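The file query-v7.cif comes next; it holds mmCIF, C-alpha atoms.
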```cif
data_work
#
loop_
_atom_site.label_atom_id
_atom_site.label_comp_id
_atom_site.auth_asym_id
_atom_site.auth_seq_id
_atom_site.Cartn_x
_atom_site.Cartn_y
_atom_site.Cartn_z
CA MET A 1 41.23 -13.41 10.77
CA THR A 2 42.01 -14.42 7.19
CA THR A 3 40.06 -17.64 7.66
CA VAL A 4 37.01 -15.71 8.84
CA TYR A 5 37.21 -13.44 5.80
CA GLY A 6 37.48 -16.34 3.36
CA ALA A 7 34.67 -18.32 4.98
CA ALA A 8 32.40 -15.27 5.09
CA CYS A 9 33.13 -14.54 1.42
CA LEU A 10 32.18 -18.09 0.46
CA ALA A 11 29.04 -17.86 2.60
CA GLU A 12 27.95 -14.69 0.80
CA LEU A 13 28.46 -16.44 -2.53
CA ALA A 14 26.37 -19.37 -1.28
CA ILE A 15 23.59 -16.91 -0.39
CA CYS A 16 23.82 -15.56 -3.95
CA ALA A 17 23.48 -19.09 -5.32
CA ALA A 18 20.37 -19.61 -3.19
CA LEU A 19 18.88 -16.35 -4.47
CA LEU A 20 19.35 -17.57 -8.04
CA ILE A 21 16.42 -19.92 -7.35
CA ARG A 22 14.15 -16.92 -6.90
CA VAL A 23 15.60 -15.30 -10.04
CA ALA A 24 14.81 -18.47 -12.00
CA PHE A 25 11.33 -19.23 -10.65
CA GLY A 26 10.04 -15.77 -9.63
CA PRO A 27 6.45 -15.51 -10.82
CA THR A 28 6.69 -11.85 -11.83
CA VAL A 29 9.45 -9.53 -13.00
CA SER A 30 9.36 -7.68 -9.68
CA ASP A 31 10.32 -10.82 -7.76
CA ARG A 32 13.33 -11.26 -9.99
CA ILE A 33 14.34 -7.63 -9.50
CA VAL A 34 14.14 -8.00 -5.72
CA ALA A 35 16.34 -11.08 -5.85
CA VAL A 36 18.89 -9.45 -8.17
CA ASN A 37 19.02 -6.33 -5.98
CA THR A 38 19.77 -8.44 -2.91
CA MET A 39 22.31 -10.45 -4.89
CA SER A 40 24.16 -7.26 -5.83
CA THR A 41 24.40 -6.29 -2.16
CA GLN A 42 25.74 -9.73 -1.28
CA VAL A 43 28.24 -9.59 -4.13
CA THR A 44 29.45 -6.21 -2.87
CA LEU A 45 30.05 -7.74 0.54
CA ALA A 46 31.77 -10.74 -1.04
CA VAL A 47 34.16 -8.44 -2.93
CA VAL A 48 34.91 -6.48 0.25
CA LEU A 49 35.63 -9.68 2.14
CA PHE A 50 37.74 -10.98 -0.72
CA ALA A 51 39.79 -7.78 -0.64
CA ALA A 52 40.38 -8.31 3.07
CA TRP A 53 41.17 -11.99 2.53
CA ALA A 54 43.69 -11.37 -0.24
CA ASP A 55 44.91 -8.15 1.43
CA ARG A 56 44.52 -6.14 -1.77
CA THR A 57 42.76 -2.86 -1.15
CA ILE A 58 42.33 -2.18 -4.88
CA TYR A 59 39.31 -4.50 -4.85
CA LEU A 60 37.54 -2.14 -2.45
CA ASP A 61 37.19 0.30 -5.34
CA VAL A 62 35.38 -2.40 -7.28
CA ALA A 63 33.08 -2.81 -4.29
CA ILE A 64 32.41 0.95 -4.19
CA TRP A 65 31.51 0.84 -7.87
CA LEU A 66 29.17 -2.10 -7.31
CA ALA A 67 27.49 -0.44 -4.34
CA SER A 68 26.94 2.83 -6.14
CA PHE A 69 25.78 1.52 -9.51
CA SER A 70 23.84 -1.64 -8.67
CA TYR A 71 20.91 0.40 -7.43
CA LEU A 72 20.63 2.10 -10.82
CA ALA A 73 19.47 -1.18 -12.32
CA THR A 74 16.65 -1.37 -9.79
CA ILE A 75 15.65 2.26 -10.39
CA VAL A 76 15.61 1.82 -14.17
CA TRP A 77 13.64 -1.43 -13.99
CA SER A 78 11.09 0.12 -11.63
CA ARG A 79 10.67 3.10 -13.93
CA TYR A 80 10.19 0.73 -16.85
CA LEU A 81 7.56 -1.26 -14.95
CA GLU A 82 5.78 1.89 -13.89
CA ARG A 83 5.45 3.87 -17.10
CA GLY A 84 7.09 2.09 -20.02
CA LEU A 85 10.36 2.81 -21.71
CA LEU A 86 10.33 6.59 -22.01
CA MET B 1 42.87 -13.83 19.65
CA THR B 2 42.66 -10.26 20.74
CA ILE B 3 39.40 -8.68 21.77
CA ARG B 4 39.26 -6.79 18.48
CA THR B 5 39.38 -10.03 16.52
CA VAL B 6 36.62 -11.53 18.65
CA ALA B 7 34.42 -8.45 18.22
CA ALA B 8 34.99 -8.40 14.46
CA THR B 9 34.20 -12.10 14.15
CA ILE B 10 31.00 -11.67 16.11
CA LEU B 11 29.96 -8.73 13.90
CA ILE B 12 30.68 -10.64 10.69
CA LEU B 13 28.79 -13.70 11.92
CA LEU B 14 25.82 -11.51 12.91
CA GLY B 15 25.78 -9.99 9.43
CA LEU B 16 25.97 -13.42 7.83
CA ALA B 17 23.14 -14.78 9.96
CA VAL B 18 20.87 -11.87 9.03
CA SER B 19 21.85 -12.25 5.36
CA VAL B 20 20.92 -15.93 5.43
CA SER B 21 17.57 -15.18 7.06
CA GLY B 22 16.89 -12.41 4.52
CA ALA B 23 17.66 -14.75 1.63
CA LEU B 24 15.38 -17.33 3.24
CA GLY B 25 12.66 -14.69 3.45
CA ILE B 26 13.09 -13.84 -0.23
CA LEU B 27 12.81 -17.51 -1.11
CA ARG B 28 9.87 -18.32 1.16
CA MET B 29 7.65 -15.23 1.33
CA PRO B 30 4.45 -15.55 -0.73
CA ASP B 31 4.29 -12.07 -2.24
CA VAL B 32 6.55 -9.50 -3.89
CA TYR B 33 5.84 -6.87 -1.24
CA LEU B 34 6.76 -9.23 1.58
CA ARG B 35 9.90 -10.17 -0.32
CA ILE B 36 10.88 -6.50 -0.54
CA GLN B 37 10.37 -6.31 3.22
CA ALA B 38 12.76 -9.24 3.73
CA SER B 39 15.36 -7.83 1.34
CA THR B 40 15.59 -4.47 3.11
CA LYS B 41 16.39 -6.26 6.36
CA ASN B 42 19.09 -8.05 4.44
CA VAL B 43 20.87 -4.78 3.68
CA THR B 44 20.51 -2.75 6.85
CA LEU B 45 21.30 -5.43 9.37
CA GLY B 46 23.12 -7.85 7.07
CA ALA B 47 25.62 -5.63 5.29
CA LEU B 48 26.45 -2.99 7.87
CA PRO B 49 27.77 -5.35 10.61
CA VAL B 50 30.09 -7.01 8.08
CA LEU B 51 31.56 -3.66 7.03
CA LEU B 52 31.82 -2.53 10.66
CA GLY B 53 33.51 -5.80 11.54
CA LEU B 54 36.02 -5.24 8.77
CA VAL B 55 36.79 -1.76 10.13
CA VAL B 56 37.12 -3.12 13.67
CA ALA B 57 39.41 -5.95 12.58
CA GLU B 58 41.71 -3.96 10.32
CA GLY B 59 41.96 -0.91 12.52
CA PHE B 60 40.74 2.60 11.94
CA LEU B 61 43.79 4.12 10.22
CA THR B 62 44.00 1.68 7.30
CA PRO B 63 42.87 1.95 3.66
CA TYR B 64 39.91 -0.28 4.49
CA THR B 65 38.18 2.18 6.77
CA GLY B 66 37.26 5.00 4.42
CA ARG B 67 36.09 2.80 1.61
CA ALA B 68 34.14 0.44 3.87
CA LEU B 69 32.35 3.41 5.42
CA ILE B 70 31.64 4.87 1.96
CA ILE B 71 30.10 1.53 0.95
CA ALA B 72 28.08 1.45 4.18
CA VAL B 73 26.70 4.95 3.58
CA LEU B 74 25.92 4.17 -0.06
CA LEU B 75 24.03 1.00 0.84
CA LEU B 76 22.23 2.71 3.68
CA VAL B 77 21.06 5.60 1.49
CA MET B 78 20.35 3.88 -1.78
CA ASN B 79 18.65 0.66 -0.75
CA PRO B 80 15.55 2.31 0.78
CA ILE B 81 15.22 4.44 -2.37
CA SER B 82 15.37 1.47 -4.71
CA SER B 83 13.08 -0.64 -2.50
CA HIS B 84 10.52 2.14 -2.38
CA ALA B 85 10.67 2.68 -6.15
CA LEU B 86 10.34 -1.04 -6.75
CA ALA B 87 7.34 -1.43 -4.43
CA ARG B 88 5.63 1.55 -6.05
CA ALA B 89 6.32 0.16 -9.52
CA ALA B 90 5.05 -3.28 -8.56
CA TYR B 91 1.85 -1.74 -7.18
CA LYS B 92 1.38 0.40 -10.30
CA ALA B 93 1.99 -2.65 -12.50
CA ARG B 94 -0.80 -4.40 -10.53
CA VAL B 95 1.26 -7.25 -9.17
CA PRO B 96 -1.33 -9.16 -7.13
CA MET B 97 -1.07 -9.24 -3.36
CA TRP B 98 -1.03 -12.44 -1.39
CA ARG B 99 -4.60 -13.73 -0.96
CA GLY B 100 -4.14 -13.65 2.82
CA ALA B 101 -3.55 -9.89 2.76
CA VAL B 102 -6.28 -8.10 4.70
CA VAL B 103 -5.88 -4.41 3.88
CA ASP B 104 -4.80 -2.27 0.90
CA GLN B 105 -4.60 1.28 2.14
CA ALA B 106 -3.46 2.74 -1.20
CA GLN B 107 -6.56 1.28 -2.83
CA GLN B 108 -8.78 2.78 -0.13
CA LYS B 109 -7.07 6.12 -0.52
CA SER B 110 -7.64 6.22 -4.27
CA GLU B 111 -11.32 5.37 -3.75
CA ASP B 112 -11.87 8.27 -1.36
#
```
If you took the structure in this file and wrote it as structure tokens, what would it be?
Amino acid sequence: MTTVYGAACLAELAICAALLIRVAFGPTVSDRIVAVNTMSTQVTLAVVLFAAWADRTIYLDVAIWLASFSYLATIVWSRYLERGLL
Amino acid sequence: MTIRTVAATILILLGLAVSVSGALGILRMPDVYLRIQASTKNVTLGALPVLLGLVVAEGFLTPYTGRALIIAVLLLVMNPISSHALARAAYKARVPMWRGAVVDQAQQKSED
């Protein structure tokens, strides 16, 4: 099972690396935000799988933090796009 | 290889396959709205099977279960909110649609 966890963790990181292409070449800001939002989800999964691979449950708290705060970036950026800074 | 290991491996591979296809959709779709569509699939069917597979593999009464389910609920609740806010903001910021798009119901509604 450890092998599956490690391979899945590396696969999620490879997906993140592929999404970096969209972050680099996205025509508008919204495209970049979509890619970064998806990357944050994949990174959360990668941290969870790393915790299972290394058998250290303390990393699951990091994953909870990532899952609960990564969406704030999207919300703040959407608000900024919609009506400016304030 | 117990049956729990096999089930967990299948769940994790399903999640990975959907994640790869969602990332491919984000890279290949022609329009920001279609990319948002692909990215929501990435979370609901890409993340939840991986977390469920972790719970199935590690067993229910382990430290993994509660936190993995908390992460699943957080992703399931918050990703539709952020996708909706982002699509609304992109529309308000007048990000152009793909030229093959045939209907814009929000535009029609504001003209009525």
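Taking all atoms listed in the file into account, chain B lies nearest to A:Met1 out of the set A:Tyr59, A:Ser40, A:Leu10, A:Met1.
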When you get a sec, could you note down which chain A residues fall within 9 Å of chain B, using all atoms listed in the file, as number ranges by chain?
A: 1, 4-5, 8, 11-12, 15-16, 18-19, 21-22, 28-31, 33-35, 37-38, 41-42, 44-45, 48-49, 52, 57, 60-61, 63-65, 67-68, 71-72, 74-75, 77-83
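Put simply, atom CA of A:Phe69 is 14.6 Å away from atom CA of A:Val47.
Our summary of the geometry notes that atom CA of B:Val56 is positioned 17.4 Å from atom CA of A:Arg56.
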To one decimal place, how far is atom CA of B:Ala101 from atom CA of B:Lys41 in Å?
20.6 Å
Can stretch 45-78 of chain A be brought up to N, CA and C atoms and written out as a short mmCIF file (atom, residue, chain, number, x, y, z; two decimals), in the frame of the given file?
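Saved the output as selection21.cif:
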```cif
data_model
loop_
_atom_site.label_atom_id
_atom_site.label_comp_id
_atom_site.auth_asym_id
_atom_site.auth_seq_id
_atom_site.Cartn_x
_atom_site.Cartn_y
_atom_site.Cartn_z
N LEU A 45 29.43 -7.27 -0.70
CA LEU A 45 30.05 -7.74 0.54
C LEU A 45 31.09 -8.81 0.26
N ALA A 46 30.81 -9.68 -0.72
CA ALA A 46 31.77 -10.74 -1.04
C ALA A 46 33.06 -10.14 -1.58
N VAL A 47 32.95 -9.07 -2.40
CA VAL A 47 34.16 -8.44 -2.93
C VAL A 47 34.95 -7.76 -1.82
N VAL A 48 34.23 -7.11 -0.89
CA VAL A 48 34.91 -6.48 0.25
C VAL A 48 35.66 -7.52 1.07
N LEU A 49 34.98 -8.64 1.33
CA LEU A 49 35.63 -9.68 2.14
C LEU A 49 36.77 -10.34 1.39
N PHE A 50 36.63 -10.43 0.05
CA PHE A 50 37.74 -10.98 -0.72
C PHE A 50 38.95 -10.05 -0.68
N ALA A 51 38.68 -8.73 -0.73
CA ALA A 51 39.79 -7.78 -0.64
C ALA A 51 40.52 -7.92 0.69
N ALA A 52 39.74 -8.14 1.77
CA ALA A 52 40.38 -8.31 3.07
C ALA A 52 41.11 -9.64 3.15
N TRP A 53 40.54 -10.67 2.49
CA TRP A 53 41.17 -11.99 2.53
C TRP A 53 42.48 -11.99 1.77
N ALA A 54 42.49 -11.39 0.57
CA ALA A 54 43.69 -11.37 -0.24
C ALA A 54 44.61 -10.22 0.11
N ASP A 55 44.15 -9.31 1.02
CA ASP A 55 44.91 -8.15 1.43
C ASP A 55 45.29 -7.27 0.24
N ARG A 56 44.32 -7.04 -0.63
CA ARG A 56 44.52 -6.14 -1.77
C ARG A 56 43.42 -5.09 -1.73
N THR A 57 43.80 -3.87 -1.34
CA THR A 57 42.76 -2.86 -1.15
C THR A 57 42.22 -2.32 -2.47
N ILE A 58 42.83 -2.69 -3.59
CA ILE A 58 42.33 -2.18 -4.88
C ILE A 58 40.94 -2.73 -5.15
N TYR A 59 40.64 -3.93 -4.61
CA TYR A 59 39.31 -4.50 -4.85
C TYR A 59 38.21 -3.74 -4.13
N LEU A 60 38.56 -2.94 -3.13
CA LEU A 60 37.54 -2.14 -2.45
C LEU A 60 36.95 -1.10 -3.39
N ASP A 61 37.74 -0.64 -4.36
CA ASP A 61 37.19 0.30 -5.34
C ASP A 61 36.14 -0.37 -6.21
N VAL A 62 36.39 -1.63 -6.55
CA VAL A 62 35.38 -2.40 -7.28
C VAL A 62 34.10 -2.49 -6.46
N ALA A 63 34.26 -2.69 -5.15
CA ALA A 63 33.08 -2.81 -4.29
C ALA A 63 32.33 -1.48 -4.22
N ILE A 64 33.07 -0.36 -4.19
CA ILE A 64 32.41 0.95 -4.19
C ILE A 64 31.62 1.12 -5.48
N TRP A 65 32.21 0.72 -6.59
CA TRP A 65 31.51 0.84 -7.87
C TRP A 65 30.23 0.00 -7.86
N LEU A 66 30.35 -1.23 -7.36
CA LEU A 66 29.17 -2.10 -7.31
C LEU A 66 28.08 -1.50 -6.43
N ALA A 67 28.49 -0.97 -5.27
CA ALA A 67 27.49 -0.44 -4.34
C ALA A 67 26.80 0.78 -4.91
N SER A 68 27.56 1.59 -5.68
CA SER A 68 26.94 2.83 -6.14
C SER A 68 26.17 2.66 -7.44
N PHE A 69 26.45 1.64 -8.23
CA PHE A 69 25.78 1.52 -9.51
C PHE A 69 24.76 0.40 -9.56
N SER A 70 24.79 -0.52 -8.58
CA SER A 70 23.84 -1.64 -8.67
C SER A 70 22.42 -1.16 -8.44
N TYR A 71 22.28 -0.05 -7.69
CA TYR A 71 20.91 0.40 -7.43
C TYR A 71 20.30 1.03 -8.67
N LEU A 72 21.15 1.50 -9.60
CA LEU A 72 20.63 2.10 -10.82
C LEU A 72 19.80 1.10 -11.61
N ALA A 73 20.22 -0.15 -11.60
CA ALA A 73 19.47 -1.18 -12.32
C ALA A 73 18.06 -1.28 -11.75
N THR A 74 17.96 -1.28 -10.41
CA THR A 74 16.65 -1.37 -9.79
C THR A 74 15.79 -0.17 -10.13
N ILE A 75 16.40 1.04 -10.09
CA ILE A 75 15.65 2.26 -10.39
C ILE A 75 15.13 2.21 -11.83
N VAL A 76 16.00 1.82 -12.76
CA VAL A 76 15.61 1.82 -14.17
C VAL A 76 14.53 0.78 -14.43
N TRP A 77 14.66 -0.40 -13.80
CA TRP A 77 13.64 -1.43 -13.99
C TRP A 77 12.31 -0.99 -13.39
N SER A 78 12.35 -0.32 -12.22
CA SER A 78 11.09 0.12 -11.63
C SER A 78 10.42 1.17 -12.50
#
```
